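Asks: A single structure is presented below for examination.
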Amino acid sequence: MGDIDYNERIPNNVDLSSDRRLQRALERWQPAYLDWWQQMGPEGWQAKDVYLRTAVRVDRGGWAHFDYVRMPEYRWGIFLTDNDPDRKIGFGDHEGELVWQEVPGEYRNMLRRIIVTQGDTEPASVEQQRILGATAPSLYDLRNLFQVNVEEGRHLWAMVYLLHGYFGRDGREEAEELLARRSGDEDKPRILDAFNQPCTDWLTFFCFTTFTDRDGKYQLGALAESAFDPLSRTCQFMLTEEAHHLFVGQTGIERVLRRAVQLAALDPNGDVRDMGGIDLQTVQRFVNFWFSYSLDLFGSEVSSNAADFFAAGLKGRWKEDKYEEHSALERSMNIPHLEGDTLVDKAVPLRIAMNEVLRNEYVEDCQKVVDKWNKALRDEGEATFEITLPSTRFHRRQGLYADASFAPDGSPISASDFEAHRSEWLPSDEDRAYVRSLMTPVYEPGQMASWIAAPRKGINGQPLDYEYVRI
Ligand SMILES: [Fe+2]
Ligand SMILES: [Fe+2]
């Protein structure tokens with residue numbers, strides 16, 4: 001087990017050739033996928049050789065093979081982690097029963113909705129990022145963008161396999177719809193709001209991969225606990241790919257911050273923008289924007305859907321094992337509710353608060369990333385400025401806090417107060433125009449754009465001046 005068969009038209013480790021109907025259905029979807037990729041994948045780079053990794057095994061160590069590939073020839077396929085025949089359901093009403101290899105009829109609709117919602121984010125991010133190849137700050141970054149893009153394409157394959165394999169005709173129709181919606185489209189937008197936001201500059205890309213891909217990490221982690229075993233095994237392998245996306249975001253922002261401090265030291269007035277860099281306050285505003293948009297992806301703080309998903313065993317908590325009590329029936333969680341203009345803690349039964357439980361895990365993880373950024377700022381000699389995460393109530397469009405205004409510290413304020421501070425807290429048109437003005441491509445091997453520091457090391461042990469993309 002674990003080995004992937006690359007002789008097949010669709011590479012896989014699920015013995016696809018033993019199920020001719022499924023194989024044929026997926027082989028019919030494949031050309032539609034490739035059409036979509038040609039149309040909506042990285043613009044202008046489809047014919048170039050890119051130094052990419054491809055999965056060759058699914059175990060945690062050493063699963064990747066690196067080589068030059070033209071993106072449309074990337075071997076997208078279906079990779080699940082190995083099967084554990086004794087695996088038991090770890091939470092909810094079915095705790096302790098054997099996991100399911102088929103979808104129970106009563107959970108079919110819920111499960112399909114979960115898979116479609118996750119699946120929709122994958123092509124959406126490729127669409128959002130499709131023009132970034134025109135302005136990469138280095139060949140190293142350009143290659144990382146394309147690695148993220150092809151793997152998001154593979155994540156779409158992962159979800160489409162489940163839809164085709166376990167949901168019959170409905171599943172096949174949903175798989176077609178996943179190629180029909182478009183990020184930001186007025187008539188057929190992607191399902192979730194963060195995935196309809198434009199991503200046209202690299203500061204945005206690094207924020208997106210830090211905060212929005214990290215939402216993906218937590219959603220996949222919760223689904224890796226699922227009683228529906230094929231979903232669990234699919235998500236486990238997706239998580240190992242996701243780690244690189246998070247690395248790209250975290251180190252990208254860190255390099256922008258380092259460069260800002262270096263440039264401030266070179267300017268007589270300490271003005272980073274005068275030196276062609278991105279000042280720390282602007283980075284903070286982009287962080288505020290993407291952190292808050294990504295928080296919305298977890299859903300409402302109080303949610304009967306979340307309770308149903310947990311009860312049914314479809315979606316667990318992040319690392320459910322580390323919790324002591326897996327029914328989640330005995331506890332509650334205090335969640336501040338706005339009453340008039342004050343916040344009042346209310347005890348919410350834990351199952352109904354499951355979105356908030358997962359969001360809190362996510363926020364903790366984000367804080368660790370921010371701590372690393374602040375350490376990098378100290379290392380560069382920045383004495384006072386720190387990046388901070390705003391409150392989870394700030395700038396929300398979903399959930400309990402969507403209809404009111406809150407300052408970054410979480411205190412309730414009036415809508416007019418919020419507007420008065422908007423350009424201090426969130427990227428202004430002027431900020432965005434400035435950042436966009438810096439976006440000129442740097443495609444000499446080893447060279448970096450002025451606004452970003454060089455990474456510490458190359459990809460897969462290669463030197464920094466390696467030709468990561470053959471121009
Ligand atoms: Fe993904
Ligand atoms: Fe990702």
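Convention: chains lettered A, B, ... in structure tokens order; per-chain residue numbering from 1; ligands numbered from 1 as shown.
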Hey, which residues come within 6 Å of ligand 2 if we count only C-alpha atoms and all ligand atoms? Could you give them as a list in words?

Replies: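 My answer, listing the contacting residues, is Glu152, Asp213, Glu242 and His245 of chain A.
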
Asks: Those residues you just picked out, can you put them in a file as a PDB file, in the first residue's frame with C-alpha atoms?

Replies:
```pdb
ATOM      1  CA  GLU A 152      -5.072  23.008  -5.196  1.00  0.00           C
ATOM      2  CA  ASP A 213      -4.996  28.161   3.443  1.00  0.00           C
ATOM      3  CA  GLU A 242      -1.202  21.914   2.647  1.00  0.00           C
ATOM      4  CA  HIS A 245       1.142  26.336   1.200  1.00  0.00           C
TER       5      HIS A 245
END
```

Asks: Enumerate the residues of range 311-352 of chain A with a DSSP assignment of helix (DSSP H, G or I), computed from the backbone, and present them as a VMD selection string.

Replies: chain A and resid 311 to 312 320 to 322 350 to 352

Asks: To check your reading of the model: which residues sit at most 12 Å from ligand 1 when counting only C-alpha atoms and all ligand atoms? Write the answer as a PyMOL selection string.

Replies: chain A and resi 117-126+147-159+195+208-209+212-220+234-246

Asks: Pick the closest to Glu225 in chain A from A:Tyr33, A:Tyr468, A:Phe309, A:Phe289: which is it, counting only C-alpha atoms?

Replies: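 Closest candidate: A:Phe309.
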
Asks: Run DSSP on the backbone of this structure and report the residues of range 70-263 of chain A it assigns to strand (DSSP E or B), as a list in words.

Replies: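 Result set for range 70-263 of chain A (strand (DSSP E or B)): Arg70, Ile78, Lys88, Leu98, Trp100 and Phe228 of chain A.
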
Asks: Excluding same-chain residues fewer than 4 positions from range 141-143 of chain A, what lies within 9 Å of it counting only C-alpha atoms, as a list in words?

Replies: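 Everything that qualifies: Val50, Tyr51, Leu52, Leu132, Gly133, Thr135, Ala136, Pro137, Gln147, Val148, Val248, Gly252, Tyr443, Tyr468 and Val469 of chain A.
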
Asks: Tell me, as a list in words, which residues lie within 12 Å of Gln281 in chain A, counting only C-alpha atoms; anything in the same chain fewer than 2 positions away does not count.

Replies: Val256, Leu257, Ala260, Val261, Asp271, Val272, Arg273, Gly277, Ile278, Asp279, Val283, Gln284, Arg285, Phe286, Val287, Asn288, Phe385, Glu386, Ile387, Thr388, Ser423, Glu424, Trp425, Leu426, Pro427, Ser428 and Asp431 of chain A

Asks: Let me see the file: selected residues, N, CA and C atoms, as a CSV table (one decimal), in the first residue's frame.

Replies:
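Dumped everything to selection-v9.csv:
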```
chain,number,residue,atom,x,y,z
A,256,VAL,N,8.9,40.0,3.8
A,256,VAL,CA,8.4,41.3,3.6
A,256,VAL,C,8.7,42.2,4.8
A,257,LEU,N,8.5,41.6,6.0
A,257,LEU,CA,8.8,42.4,7.2
A,257,LEU,C,10.3,42.6,7.4
A,260,ALA,N,11.3,45.4,5.1
A,260,ALA,CA,10.8,46.7,5.6
A,260,ALA,C,11.8,47.3,6.6
A,261,VAL,N,12.2,46.5,7.6
A,261,VAL,CA,13.1,47.0,8.6
A,261,VAL,C,14.5,47.4,8.0
A,271,ASP,N,11.8,56.1,6.1
A,271,ASP,CA,10.5,55.9,5.3
A,271,ASP,C,10.7,54.7,4.3
A,272,VAL,N,10.0,53.6,4.6
A,272,VAL,CA,10.1,52.4,3.9
A,272,VAL,C,9.6,52.5,2.5
A,273,ARG,N,8.5,53.3,2.3
A,273,ARG,CA,7.9,53.4,1.0
A,273,ARG,C,8.9,54.2,0.1
A,277,GLY,N,9.8,49.8,-0.4
A,277,GLY,CA,9.4,48.6,0.4
A,277,GLY,C,8.0,48.7,0.8
A,278,ILE,N,7.5,47.7,1.5
A,278,ILE,CA,6.1,47.8,2.1
A,278,ILE,C,6.2,48.0,3.6
A,279,ASP,N,5.7,49.1,4.1
A,279,ASP,CA,5.9,49.5,5.5
A,279,ASP,C,5.1,48.6,6.4
A,283,VAL,N,1.4,46.2,6.1
A,283,VAL,CA,1.3,44.7,6.3
A,283,VAL,C,0.3,44.4,7.3
A,284,GLN,N,0.3,45.2,8.4
A,284,GLN,CA,-0.7,45.0,9.5
A,284,GLN,C,-2.1,45.1,9.0
A,285,ARG,N,-2.4,46.1,8.1
A,285,ARG,CA,-3.7,46.3,7.6
A,285,ARG,C,-4.1,45.1,6.7
A,286,PHE,N,-3.2,44.6,5.9
A,286,PHE,CA,-3.5,43.4,5.1
A,286,PHE,C,-3.8,42.2,6.0
A,287,VAL,N,-3.0,42.1,7.0
A,287,VAL,CA,-3.2,41.0,8.0
A,287,VAL,C,-4.6,41.1,8.6
A,288,ASN,N,-5.0,42.3,9.0
A,288,ASN,CA,-6.4,42.5,9.6
A,288,ASN,C,-7.4,42.0,8.6
A,385,PHE,N,7.8,48.0,16.9
A,385,PHE,CA,6.6,47.6,16.2
A,385,PHE,C,6.4,46.1,16.3
A,386,GLU,N,5.1,45.7,16.5
A,386,GLU,CA,4.8,44.3,16.5
A,386,GLU,C,3.5,44.1,15.6
A,387,ILE,N,3.5,43.0,14.9
A,387,ILE,CA,2.2,42.6,14.2
A,387,ILE,C,1.3,42.0,15.3
A,388,THR,N,0.0,42.4,15.2
A,388,THR,CA,-0.9,41.8,16.2
A,388,THR,C,-2.1,41.3,15.4
A,423,SER,N,-9.5,53.4,7.3
A,423,SER,CA,-8.2,53.3,6.5
A,423,SER,C,-7.0,53.1,7.4
A,424,GLU,N,-7.2,53.2,8.7
A,424,GLU,CA,-6.1,53.0,9.7
A,424,GLU,C,-6.1,51.4,9.9
A,425,TRP,N,-7.2,50.8,9.8
A,425,TRP,CA,-7.3,49.4,10.2
A,425,TRP,C,-7.3,48.4,9.0
A,426,LEU,N,-7.8,48.9,7.9
A,426,LEU,CA,-7.9,48.0,6.7
A,426,LEU,C,-7.2,48.6,5.5
A,427,PRO,N,-6.8,47.8,4.6
A,427,PRO,CA,-6.1,48.4,3.4
A,427,PRO,C,-7.0,49.4,2.7
A,428,SER,N,-6.4,50.6,2.5
A,428,SER,CA,-7.2,51.6,1.7
A,428,SER,C,-6.9,51.4,0.2
A,431,ASP,N,-3.4,52.2,-0.3
A,431,ASP,CA,-2.5,51.1,0.1
A,431,ASP,C,-2.4,50.1,-1.0
```

Asks: Using only C-alpha atoms for the distances, tell me which of A:Leu343, A:Leu438, A:Leu16, A:Val160 is nearest to Arg172 in chain A.

Replies: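 For Arg172 in chain A, the nearest of the given residues is A:Val160.
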